[in-house]
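Since the structure comes first, as structure tokens, the remarks are kept for the end.
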Amino acid sequence: MHILIRTDASSVIGTGHVMRCLTLAEGLRAGGDEVSFICRALPGNLIERIRDRKFAVHVLLPGALPSSGDAPWLPAHSHWLGAAWEEDADAVRRIAEEIPGGGADGLIVDHYALDASWESRVSPLTGWLAVLDDLADRPHECDILLDQNLHAAPESRYRGLVPEKCRLLLGPSYALLREEFAAARSRLGRNAGGIRRILVYFGGNDYVDNTLKALEALGMAGLGQVPVDVVIHGDHAGRSGIERHCASHKAATLHTHVEKMSELMIKADLAIGAGGTTSWERCCLGLPCLAVCVAENQTEVLDSLQGAGALIRLGRSGEVTAGSLAESLRNLAARPGILRSMSDAAMSLVDGAGALRVVSAFAEIAPRKPGTFRRGRFLRRARPADAALYFEWTNDPDTRRNSFNPSLVEWPGHREWFRSKQADPAVRMYVLEVDGCPVGEIRFSLAGARAEISFSVAAPFRGRGFGTSLLESGAAALQAEAGETVVCIGFVKRTNVASAKAFLKAGYEPIAGGAAKAGDSLAFRKTLSNPVVSEAQNE
């Protein structure tokens with residue numbers, strides 16, 4: 001299979017998404033799959049590091065972002081994308097379609113800025129789509145979702161956010177760790193309980209210089225002579241201060257590039273660091289930790305790990321001082337039994353085989369969904385993920401001008417309206433796709449044997465006959481579902497010449513006089529009788 005991975009690293013996003021995707025990519029490649037990445041060239045990206053691992057990278061350039069006020073439905077982290085989601089999705093579609101042999105067989109998405117709208121737009125070009133998430137704060141349209149974090153009720157977090165068919169891979173047994181950690185685990189002895197060596201590592205988001213704070217705390221706690229390995233990225237903003245501290249303390253060794261973090265972890269008796277992917281690396285090797293929360297999405301996970309006895313959560317970056325950290329260090333040094341129990345609890349959560357489990361799950365779904373997308377015109381039922389798409393279409397200036405209510409639609413009201421229509425058994429909502437790209441929608445509101453029609457075509461696709469296609473294919477789908485004679489009625493403003501022509505071309509007849517919906521409008525009718533249920537019209 002040829003599998004694409006869409007993920008990013010940046011000075012804002014950090015490095016964790018790319019690093020865990022690299023681990024997954026290595027596992028897929030070991031199983032015989034071809035893997036390539038799609039990344040945007042954001043400041044602080046890891047594109048060259050990905051290429052150093054011998055993976056191809058399709059590079060996207062930064063683009064313009066819509067303001068959150070103009071797009072209130074966007075994910076909370078949408079500004080991390082560096083471009084509008086539609087632009088991003090269309091670029092990925094082109095890349096997926098150009099993969100030799102009929103397109104990409106699978107797509108993996110690891111990005112807090114992307115949700116079901118993006119996924120629905122891209123998924124027709126791939127055999128299957130998998131999402132890596134931690135937040136459970138937005139809907140997804142995917143075949144598999146992986147959340148490797150520890151939560152009390154993990155299944156409930158994604159209830160209503162993923163399709164019923166979606167397979168959930170939840171919990172730290174699926175933690176994506178490099179093979180080096182499983183190998184190092186086999187060489188571990190039981191934690192003795194004393195603090196003989198310490199590892200300080202806060203990852204790529206050490207904006208408030210927790211590293212230097214930790215080094216000061218070691219001195220305050222009377223542990224200044226204990227050997228300590230200090231790991232920072234080469235571009236760390238506080239590098240000069242950390243270098244000066246390590247140079248003046250012979251027990252401290254500074255590392256700005258580490259090939260195998262596992263080697264430093266198995267030497268240490270205690271870590272001082274943050275949450276994120278490193279939490280699972282520490283757990284795999286039974287390394288107790290004093291943890292500082294450096295990002296909002298780490299809060300729940302660190303609380304869960306503390307509840308499991310695997311670490312001690314000190315608080316958020318701004319709350320933790322060198323003094324409070326020193327107090328925690330003194331308490332641990334005086335109670336070695338706590339370190340032993342933390343080590344045992346951590347090792348029970350993660351065994352290092354998570355990547356293998358995930359790769360196996362991908363292999364299981366691959367045969368069920370061909371690695372091709374439906375070409376040509378195809379009408380499908382609207383999905384919950386289409387809410388944002390409908391919102392954009394309905395607020396298009398031409399659509400508002402041709403509507404009987406020209407006022408702009410607000411997102412909260414639209415969201416509730418869409419949900420109510422989706423749940424209403426008397427409403428049929430369909431989306432027309434062309435080569436996998438949504439181009440328009442049609443809705444039938446049933447009242448007995450009568451169905452009132454509403455339809456619209458997305459602005460880039462107008463003037464190409466898609467309005468007629470919507471009316472023809474929509475009527476056929478409704479006829480197949482209704483199983484009885486239905487009279488379809490459509491109303492348009494008299495000034496809406498394009499829609500009137502679409503009705504006529506689709507075989508609707510004008511209704512003379514007295515049937516207008518409002519003021520200066522036209523009405524059209526078509527009777528659907530002798531229905532023939534066609535399997536081809538059902539998804």
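In the structure tokens, each chain is lettered A, B, ... as it comes, each chain's residues begin at 1, and ligands are numbered from 1 in order of appearance.
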Write out as a ChimeraX atom specification all residues of segment 277-321 of chain A that backbone DSSP assigns to alpha helix (DSSP H). /A:277-284,299-307
Could you save those same residues with C-alpha atoms as a PDB file, in the first residue's frame?
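Once written, again.pdb looks like this:
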```pdb
ATOM      1  CA  THR A 277       4.515  11.655  23.898  1.00  0.00           C
ATOM      2  CA  THR A 278       7.449  11.594  26.324  1.00  0.00           C
ATOM      3  CA  SER A 279       5.030  10.481  29.055  1.00  0.00           C
ATOM      4  CA  TRP A 280       4.565   7.133  27.322  1.00  0.00           C
ATOM      5  CA  GLU A 281       8.278   6.713  26.728  1.00  0.00           C
ATOM      6  CA  ARG A 282       8.887   7.190  30.450  1.00  0.00           C
ATOM      7  CA  CYS A 283       6.086   4.759  31.313  1.00  0.00           C
ATOM      8  CA  CYS A 284       7.479   2.077  29.018  1.00  0.00           C
ATOM      9  CA  THR A 299      -3.849  18.538  31.816  1.00  0.00           C
ATOM     10  CA  GLU A 300      -6.279  15.618  31.696  1.00  0.00           C
ATOM     11  CA  VAL A 301      -3.628  13.093  30.680  1.00  0.00           C
ATOM     12  CA  LEU A 302      -1.237  14.098  33.461  1.00  0.00           C
ATOM     13  CA  ASP A 303      -4.088  13.961  35.971  1.00  0.00           C
ATOM     14  CA  SER A 304      -4.925  10.438  34.764  1.00  0.00           C
ATOM     15  CA  LEU A 305      -1.298   9.330  35.025  1.00  0.00           C
ATOM     16  CA  GLN A 306      -1.067  10.733  38.536  1.00  0.00           C
ATOM     17  CA  GLY A 307      -4.283   8.884  39.400  1.00  0.00           C
TER      18      GLY A 307
END
```
Set out as CSV a contact list for segment 329-432 of chain A and segment 68-91 of chain A with a cut-off of 9 Å, giving each residue of segment 329-432 of chain A that qualifies its closest atom pair and distance in Å to one decimal, counting only C-alpha atoms, ordered by chain and rising residue number.
```
residue,atom,partner,partner_atom,distance
A:Ala388,CA,A:Trp73,CA,6.6
A:Glu392,CA,A:Ala71,CA,8.8
A:Trp411,CA,A:Pro72,CA,6.7
A:Pro412,CA,A:Trp73,CA,8.7
A:Arg415,CA,A:Trp73,CA,8.9
```
Now that the selection is made, can you save its residues with C-alpha atoms as a JSON list (two decimals), in the first residue's frame?
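Output below, filename again20.json:
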```json
[["chain", "number", "residue", "atom", "x", "y", "z"],
["A", 388, "ALA", "CA", -19.95, 23.42, 7.93],
["A", 392, "GLU", "CA", -20.65, 28.05, 3.66],
["A", 411, "TRP", "CA", -23.54, 29.49, 12.91],
["A", 412, "PRO", "CA", -25.19, 28.49, 16.22],
["A", 415, "ARG", "CA", -25.86, 24.07, 13.58]]
```
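Within the 12 Å cut-off around Leu188 of chain A, using only C-alpha atoms and omitting residues fewer than 3 positions from it on the same chain, the listed residues are Phe181, Ala182, Ala183, Ala184, Arg185, Asn191, Ala192, Ser262, Glu263, Met265, Ile266, Lys267, Ala268, Asp269, Cys284, Leu285, Gly286, Leu287, Ser343, Asp344 and Met347 of chain A.
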Close residues, Pro172 of chain A itself excluded, 7 Å, only C-alpha atoms, min 3 positions apart in chain, as a list in words: Gln148, Asn149, Leu150, Ala175, Leu349 and Val350 of chain A
Include C-alpha atoms and write out the residues we just selected as a PDB file, in the first residue's frame.
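What landed in part33.pdb:
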```
ATOM      1  CA  GLN A 148      -3.167   6.814  22.892  1.00  0.00           C
ATOM      2  CA  ASN A 149      -3.849   8.763  26.066  1.00  0.00           C
ATOM      3  CA  LEU A 150      -5.109   7.517  29.408  1.00  0.00           C
ATOM      4  CA  ALA A 175       1.193   4.373  22.401  1.00  0.00           C
ATOM      5  CA  LEU A 349       0.510   0.951  31.379  1.00  0.00           C
ATOM      6  CA  VAL A 350       2.818   0.741  28.345  1.00  0.00           C
TER       7      VAL A 350
END
```
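Shortest separation to Gly31 of chain A among A:Val492, A:Val92, A:Met1, A:Ala252 occurs at residue A:Met1, atoms counted being only C-alpha atoms.
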Quick one: DSSP strand (DSSP E) residues in segment 86-236 of chain A, as a PyMOL selection string? chain A and resi 104-110+126-132+144-147+167-170+198-201+228-231
For segment 319-332 of chain A, please output as a list in words all residues within 6 Å (counting only C-alpha atoms; exclusion window: fewer than 5 positions along the same chain). Lys213, Ala217, Met220 and Ala221 of chain A
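The nearest approach to Arg121 of chain A among the residues A:Val431, A:Cys246, A:Ala41, A:Met261, with only C-alpha atoms taken into account, belongs to A:Val431.
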Between A:Asp386, A:Asp209, A:Glu97, A:Glu155, single out the one closest to Val439 of chain A, counting only C-alpha atoms. A:Asp386
Which residues are near Ile47 of chain A? Cut-off 9 Å, only C-alpha atoms, ignore same chain within fewer than 5 positions. Put them as a list in words. Asp8, Ala9, Phe37, Cys39, Arg40, Ala41, Asp52, Val57 and Val59 of chain A
Nearby residues (only C-alpha atoms) at most 10 Å from segment 360-366 of chain A, same-chain spacing under 5 positions excluded, as a PyMOL selection string: chain A and resi 1+27-28+31+105-106+127-130+143-144+167-169+354-355+371
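Closest approach to Gly440 of chain A among A:Arg400, A:Arg380, A:Lys250, A:Arg357: A:Arg380, based on only C-alpha atoms.
Between Ala271 of chain A and the candidates A:Ala502, A:Leu339, A:Val486, A:Leu199, the tightest atom-to-atom separation, counting only C-alpha atoms, involves A:Leu199.
Here atom CA of Lys505 of chain A is placed at a distance of 15.8 Å from atom CA of Leu528 of chain A.
If only C-alpha atoms are the atoms counted, then among A:Asn402, A:Asp115, A:Arg383, A:Ser10 the closest residue to Pro163 of chain A is A:Arg383.
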